[in-house]
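Below you'll find the structure, written out as structure tokens, and then a few comments.
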Amino acid sequence: MSLNQLSALEIAARVRAGEIRASEVLEASLAQIRRLDGQPGSLDEKPLEPAEDQKIHAFIRQTEDLARQQAEEVDRKVAAGEDPGMLAGVPVAIKDIFTLKGIETTAASRILSNFKPPYTATPVQKLMDAGALILGKTNLDEFAFGSSSESSAFKPAPNNPWDTSRVPGGSSGGSTASVAAEEVALSLGTDTGGSIRQPAAFCGVVGLKPTYGRVSRYGLMAFSSSLDCPGPIARNVSDTALTLQAMAGLDPHDSTSSTMPVSDYLEALKKGVKGLRIGLSPDYAHLFYPDFETGELGMESIQSEISQAVEHAANVLADLGAEIVENVPLPNTRYSIPTYFVISRVEAASNLHRFDGVKYGYRTPDEVADLQELLRRTRAEGFGSQPKLRILMGMYLSAAGFAENYYQRALKVRAMIRKDFERAFDPQGEFRLDAILTPTTATTAFKRDDFFGNSVRMQYSDQMTVSANHAGLPAMTIPGGLDGNNLPIGIQFIGADFREDLILRAGFAFEQATRDEAWRSVRPAALRQEVE
Amino acid sequence: MSIRKISPELFQKLVGLAALELTEEESAYLLTEMNHQLSSVHLLLQVPLEEDLQPTLHGIRCQGAGPRADVWQPFPAPEEILAEAPEIEDSMFAVPDVKGAK
């Protein structure tokens, strides 16, 4: 087994024991990136040769010098008998929406293409403090506005390692692709409506959205401030638990970060699922989709192989001693996308007003007559179509005369979605659940350009994930099988507030019980070609 | 219930308020997409709201430390912030004249 295939836990254990050096791990990672990733995303879009078009393109920027310094420091600490940290020598990629002091941080937008932040985001700092090696910044949908990573201003957009003619999902598509392609062991993503879990499902990796407030948002460029959550992406549940352990906790720089004590997530994995009550809901069996003309809600079935994977997981967990509770009603989750359209757009519009070409970032090079023209021209040239769409929609939905019907109403529907989950998790209630098992997505990864530009259809890719954001709950996707095209299927566990330990336990138990199933031996196509 | 549509006139007003400039092609695309999104948002109007339901600021009740004290805390290296500005004059952000300002 190559170093790139090792889990983060194994790498850290071997580095800490002095069996391998962090610098060796780093070189293996860099070599894998050179083999598979191709040119990084750039504003200078050019037609690609066919071979280059099939590369992964996970990164916007590599930070090789920084990673070398970090590897040297880890190796020095090991040699000196000092503690190098729980992530010693583990290669990590950071979604390019987290600040890293002195390193360009773009949010995949032209308007920030030259921005070097003067401070480092708390989750990134915590990973570095734990001994991780930061190999670079990964590509994403511009400002995280999308579900395919295609709206990045930095081209080429990332591809799916399982089939490079397909998207990796989004918005953390570069992050999940880099982990699936074994370029890094871990990545740091963000999840506002599913932006960790949907691409993790599409790329066949694990992605966890923590409880809102569990991980600090300091240094995360805000999309929708009441929904944004940083979280880990890894190739297995143990590494996910390890990374969350390193990142979670109170941060004085983020007033919404929680004072709740951080659990021992790795220790929790040992407890199994015997006696856990895991719910299934009929409200997660379909995609609810509006008619553009009438606004009436239609219903589409989700991909049958995904339903079967959820059923299989329920059977496996039942065999392990979990109690499966069927027909848990979550009726208001069908309104999660309309609610998201309102809340996320209003908050995004507010957050994007700060980009003006005055304090930092891009400024139009044109001669302008006055400040107003400077703002208009800078924002017109700096933002792509998706930020513009969110700004305009957010302003419309929150405008005087409309806000009562839209924004205020959406905040109330969010409260109803939250109540659905409170009822399901209530320890004295009818269901008394420890976790809810659902599909992560309604389909497996779709082809490039299938939905790009269709903002409504693209948004409905998040139907299965976004309710956990509205309710603030932790949720994790893990691989649950492959479809007929050898594309990964994700299954999702949703937990009660701050019960990441329980969804990690459920995911770990399923992972261990299915490790000999045939689909687990199939590797992403990009890695199979690498061997050939 | 018929779906409200955003008129081209209202759209242009929003573009001005958002400090944007759009090509005709961009305007056509964005207005179409906004109206499509409204068809989804429209579903919210059909949701029977429970009595005395309070709007939520966050999904969970925030259990954070709360806002820090409103005390001035100087950034340790202001020159690093100014270095990111497209234009500065005497340690201040420089901008063109404001239209109509005296």
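Just so we're on the same page: first chain in the structure tokens is A, next is B, and so on; residues restart at 1 for each chain, and ligands are numbered from 1 in the order they show up.
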Would you list which chain B residues are within 8 Å of chain A using only C-alpha atoms, as a JSON list (two decimals) with N, CA and C atoms, in the first residue's frame?
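So out_24.json came out as:
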[["chain", "number", "residue", "atom", "x", "y", "z"],
["B", 1, "MET", "N", -53.06, 29.77, -7.30],
["B", 1, "MET", "CA", -52.49, 31.10, -7.01],
["B", 1, "MET", "C", -51.44, 31.44, -8.07],
["B", 2, "SER", "N", -51.58, 32.60, -8.71],
["B", 2, "SER", "CA", -50.61, 32.94, -9.76],
["B", 2, "SER", "C", -49.28, 33.37, -9.12],
["B", 3, "ILE", "N", -48.21, 33.08, -9.83],
["B", 3, "ILE", "CA", -46.88, 33.40, -9.29],
["B", 3, "ILE", "C", -46.52, 34.83, -9.66],
["B", 14, "LEU", "N", -33.30, 47.02, -9.12],
["B", 14, "LEU", "CA", -32.46, 46.20, -8.24],
["B", 14, "LEU", "C", -31.00, 46.23, -8.67],
["B", 15, "VAL", "N", -30.79, 46.19, -9.98],
["B", 15, "VAL", "CA", -29.41, 46.21, -10.50],
["B", 15, "VAL", "C", -28.71, 47.49, -10.06],
["B", 18, "ALA", "N", -27.95, 47.39, -6.35],
["B", 18, "ALA", "CA", -26.89, 46.41, -6.04],
["B", 18, "ALA", "C", -25.53, 46.88, -6.51],
["B", 19, "ALA", "N", -25.46, 48.06, -7.10],
["B", 19, "ALA", "CA", -24.21, 48.59, -7.65],
["B", 19, "ALA", "C", -23.60, 47.61, -8.64],
["B", 20, "LEU", "N", -24.42, 47.22, -9.62],
["B", 20, "LEU", "CA", -23.95, 46.31, -10.67],
["B", 20, "LEU", "C", -24.18, 46.96, -12.04],
["B", 21, "GLU", "N", -23.46, 46.48, -13.03],
["B", 21, "GLU", "CA", -23.73, 46.82, -14.42],
["B", 21, "GLU", "C", -23.83, 45.50, -15.15],
["B", 22, "LEU", "N", -24.85, 45.32, -15.98],
["B", 22, "LEU", "CA", -25.03, 44.03, -16.66],
["B", 22, "LEU", "C", -25.16, 44.23, -18.15],
["B", 26, "GLU", "N", -26.64, 39.09, -19.93],
["B", 26, "GLU", "CA", -26.64, 38.78, -18.48],
["B", 26, "GLU", "C", -27.99, 39.11, -17.86],
["B", 30, "LEU", "N", -30.31, 36.47, -15.91],
["B", 30, "LEU", "CA", -30.54, 36.63, -14.46],
["B", 30, "LEU", "C", -32.02, 36.84, -14.16],
["B", 33, "GLU", "N", -33.77, 33.47, -14.43],
["B", 33, "GLU", "CA", -33.46, 32.60, -13.29],
["B", 33, "GLU", "C", -34.15, 33.09, -12.02],
["B", 34, "MET", "N", -34.20, 34.40, -11.83],
["B", 34, "MET", "CA", -34.89, 34.93, -10.64],
["B", 34, "MET", "C", -36.36, 34.53, -10.65],
["B", 36, "HIS", "N", -37.66, 31.96, -12.15],
["B", 36, "HIS", "CA", -37.74, 30.52, -11.90],
["B", 36, "HIS", "C", -37.60, 30.23, -10.40],
["B", 37, "GLN", "N", -36.66, 30.91, -9.77],
["B", 37, "GLN", "CA", -36.49, 30.71, -8.33],
["B", 37, "GLN", "C", -37.75, 31.15, -7.57],
["B", 39, "SER", "N", -40.69, 30.77, -8.50],
["B", 39, "SER", "CA", -41.70, 29.70, -8.58],
["B", 39, "SER", "C", -41.49, 28.68, -7.48],
["B", 40, "SER", "N", -40.25, 28.51, -7.05],
["B", 40, "SER", "CA", -39.98, 27.63, -5.91],
["B", 40, "SER", "C", -40.34, 28.33, -4.60],
["B", 41, "VAL", "N", -39.90, 29.58, -4.49],
["B", 41, "VAL", "CA", -40.16, 30.36, -3.27],
["B", 41, "VAL", "C", -41.67, 30.50, -3.02],
["B", 42, "HIS", "N", -42.42, 30.57, -4.11],
["B", 42, "HIS", "CA", -43.87, 30.71, -4.05],
["B", 42, "HIS", "C", -44.52, 29.63, -3.17],
["B", 43, "LEU", "N", -43.87, 28.45, -3.12],
["B", 43, "LEU", "CA", -44.42, 27.34, -2.33],
["B", 43, "LEU", "C", -44.55, 27.72, -0.85],
["B", 44, "LEU", "N", -43.69, 28.62, -0.40],
["B", 44, "LEU", "CA", -43.74, 29.02, 1.01],
["B", 44, "LEU", "C", -45.06, 29.68, 1.35],
["B", 45, "LEU", "N", -45.65, 30.33, 0.36],
["B", 45, "LEU", "CA", -46.91, 31.05, 0.63],
["B", 45, "LEU", "C", -48.05, 30.06, 0.92],
["B", 47, "VAL", "N", -47.62, 27.30, 2.76],
["B", 47, "VAL", "CA", -47.39, 26.56, 4.01],
["B", 47, "VAL", "C", -48.29, 27.12, 5.10],
["B", 49, "LEU", "N", -48.84, 28.24, 8.40],
["B", 49, "LEU", "CA", -47.96, 28.53, 9.53],
["B", 49, "LEU", "C", -48.67, 28.28, 10.85],
["B", 53, "LEU", "N", -45.81, 31.19, 15.99],
["B", 53, "LEU", "CA", -44.49, 30.67, 15.58],
["B", 53, "LEU", "C", -43.51, 31.83, 15.47],
["B", 54, "GLN", "N", -42.37, 31.69, 16.12],
["B", 54, "GLN", "CA", -41.38, 32.76, 16.08],
["B", 54, "GLN", "C", -40.35, 32.49, 14.99],
["B", 55, "PRO", "N", -39.98, 33.53, 14.23],
["B", 55, "PRO", "CA", -38.90, 33.32, 13.24],
["B", 55, "PRO", "C", -37.59, 32.99, 13.96],
["B", 56, "THR", "N", -36.75, 32.20, 13.31],
["B", 56, "THR", "CA", -35.49, 31.78, 13.94],
["B", 56, "THR", "C", -34.31, 32.51, 13.31],
["B", 57, "LEU", "N", -33.38, 32.92, 14.13],
["B", 57, "LEU", "CA", -32.14, 33.49, 13.61],
["B", 57, "LEU", "C", -31.17, 32.39, 13.22],
["B", 58, "HIS", "N", -31.22, 31.28, 13.95],
["B", 58, "HIS", "CA", -30.40, 30.10, 13.65],
["B", 58, "HIS", "C", -31.26, 28.87, 13.87],
["B", 59, "GLY", "N", -30.85, 27.75, 13.26],
["B", 59, "GLY", "CA", -31.58, 26.52, 13.49],
["B", 59, "GLY", "C", -31.56, 26.13, 14.95],
["B", 60, "ILE", "N", -30.39, 26.15, 15.54],
["B", 60, "ILE", "CA", -30.29, 25.81, 16.97],
["B", 60, "ILE", "C", -30.22, 27.10, 17.77],
["B", 62, "CYS", "N", -28.42, 29.49, 19.83],
["B", 62, "CYS", "CA", -26.97, 29.69, 19.93],
["B", 62, "CYS", "C", -26.50, 29.52, 21.36],
["B", 63, "GLN", "N", -25.51, 28.70, 21.52],
["B", 63, "GLN", "CA", -24.97, 28.48, 22.86],
["B", 63, "GLN", "C", -23.56, 28.99, 22.93],
["B", 64, "GLY", "N", -23.27, 29.99, 22.13],
["B", 64, "GLY", "CA", -21.92, 30.52, 22.09],
["B", 64, "GLY", "C", -21.65, 31.46, 23.24],
["B", 65, "ALA", "N", -20.45, 31.96, 23.25],
["B", 65, "ALA", "CA", -20.05, 32.87, 24.32],
["B", 65, "ALA", "C", -20.73, 34.23, 24.15],
["B", 66, "GLY", "N", -21.35, 34.46, 22.99],
["B", 66, "GLY", "CA", -22.00, 35.74, 22.75],
["B", 66, "GLY", "C", -21.01, 36.77, 22.26],
["B", 67, "PRO", "N", -21.53, 37.93, 21.88],
["B", 67, "PRO", "CA", -20.63, 38.96, 21.34],
["B", 67, "PRO", "C", -19.58, 39.37, 22.36],
["B", 68, "ARG", "N", -18.39, 39.65, 21.87],
["B", 68, "ARG", "CA", -17.34, 40.12, 22.77],
["B", 68, "ARG", "C", -17.66, 41.54, 23.22],
["B", 80, "GLU", "N", -0.36, 45.53, 7.13],
["B", 80, "GLU", "CA", -0.70, 44.35, 6.33],
["B", 80, "GLU", "C", -2.11, 44.50, 5.75],
["B", 81, "ILE", "N", -2.99, 45.17, 6.45],
["B", 81, "ILE", "CA", -4.33, 45.41, 5.93],
["B", 81, "ILE", "C", -4.26, 46.44, 4.80],
["B", 82, "LEU", "N", -3.53, 47.52, 5.04],
["B", 82, "LEU", "CA", -3.43, 48.56, 4.03],
["B", 82, "LEU", "C", -2.74, 48.05, 2.76],
["B", 84, "GLU", "N", -3.22, 45.47, 1.24],
["B", 84, "GLU", "CA", -4.19, 44.79, 0.38],
["B", 84, "GLU", "C", -5.09, 45.76, -0.39],
["B", 85, "ALA", "N", -5.05, 47.03, -0.02],
["B", 85, "ALA", "CA", -5.94, 48.00, -0.67],
["B", 85, "ALA", "C", -5.44, 48.32, -2.08],
["B", 86, "PRO", "N", -6.36, 48.46, -3.04],
["B", 86, "PRO", "CA", -5.94, 48.82, -4.39],
["B", 86, "PRO", "C", -5.24, 50.18, -4.44],
["B", 87, "GLU", "N", -5.63, 51.11, -3.57],
["B", 87, "GLU", "CA", -5.02, 52.43, -3.58],
["B", 87, "GLU", "C", -5.10, 53.02, -2.17],
["B", 93, "PHE", "N", -7.58, 54.53, 2.83],
["B", 93, "PHE", "CA", -8.07, 54.00, 1.57],
["B", 93, "PHE", "C", -8.42, 55.18, 0.66],
["B", 94, "ALA", "N", -7.98, 55.10, -0.59],
["B", 94, "ALA", "CA", -8.25, 56.19, -1.53],
["B", 94, "ALA", "C", -9.33, 55.77, -2.52],
["B", 95, "VAL", "N", -10.29, 56.65, -2.78],
["B", 95, "VAL", "CA", -11.36, 56.37, -3.74],
["B", 95, "VAL", "C", -11.57, 57.60, -4.60],
["B", 96, "PRO", "N", -12.19, 57.43, -5.76],
["B", 96, "PRO", "CA", -12.52, 58.62, -6.58],
["B", 96, "PRO", "C", -13.55, 59.50, -5.85],
["B", 97, "ASP", "N", -13.76, 60.68, -6.37],
["B", 97, "ASP", "CA", -14.75, 61.58, -5.76],
["B", 97, "ASP", "C", -16.12, 60.93, -5.73],
["B", 98, "VAL", "N", -16.89, 61.29, -4.70],
["B", 98, "VAL", "CA", -18.28, 60.83, -4.63],
["B", 98, "VAL", "C", -19.13, 61.80, -5.43],
["B", 99, "LYS", "N", -19.95, 61.26, -6.32],
["B", 99, "LYS", "CA", -20.76, 62.12, -7.19],
["B", 99, "LYS", "C", -21.64, 63.05, -6.34]]
Q.
Run DSSP on the backbone and tell me which residues of range 50-249 of chain A come out as helix (DSSP H, G or I); list them as number ranges by chain.
A. A: 50-53, 64-80, 110-112, 122-129, 142-144, 173-180, 197-203, 237-247
Q.
From the options A:Ala246, A:Cys203, A:Val262, A:Ser152, which residue's atoms come nearest to Asn486 in chain A, counting only C-alpha atoms?
A.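 That would be A:Cys203, the residue with the smallest distance to Asn486 in chain A.
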Q: Can you work out the spacing between CA of Glu326 in chain A and CA of Pro439 in chain A in Å, to one decimal?
A: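 Interatomic distance here is 14.5 Å.
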Q: Enumerate, as a list in words, the complete set of residues in chain B that a backbone-based DSSP assignment places in strand (DSSP E or B).
A: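 Answer for chain B, restricted to strand (DSSP E or B): Gly64, Ile88, Glu89, Met92 and Phe93 of chain B.
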Could you write out that same residue set with C-alpha atoms as an mmCIF file, in the first residue's frame?
data_model
loop_
_atom_site.group_PDB
_atom_site.id
_atom_site.type_symbol
_atom_site.label_atom_id
_atom_site.label_comp_id
_atom_site.auth_asym_id
_atom_site.auth_seq_id
_atom_site.Cartn_x
_atom_site.Cartn_y
_atom_site.Cartn_z
ATOM 1 C CA GLY B 64 -21.923 30.522 22.089
ATOM 2 C CA ILE B 88 -4.001 54.216 -0.392
ATOM 3 C CA GLU B 89 -2.968 57.756 0.482
ATOM 4 C CA MET B 92 -6.051 55.798 4.213
ATOM 5 C CA PHE B 93 -8.072 53.996 1.567
#
Q. Which is closest to Leu242 in chain A among A:Ala132, A:Pro50, A:Ala108, A:Asn315, if we use only C-alpha atoms?
A. A:Ala132
Q. CA of Gly480 in chain A and CA of Gly298 in chain A are how many Å apart?
A.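 That distance, rounded to one decimal, is 27.4 Å.
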Q | Selection near Ala322 in chain A, 9 Å with only C-alpha atoms, sequence-local residues under 2 positions removed, as a list in words | A |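 Counting only C-alpha atoms, the residues come to Gly272, Val273, Lys274, Gly275, Leu276, Arg277, Ile278, Ala314, Val316, Leu317, Ala318, Asp319, Leu320, Ile324 and Ala506 of chain A.
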Q.
So the first atom is CA of Ser304 in chain A and the second is CA of Arg523 in chain A; what is the distance between them in Å, to one decimal place?
A.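 Going from CA of Ser304 in chain A over to CA of Arg523 in chain A covers 22.2 Å.
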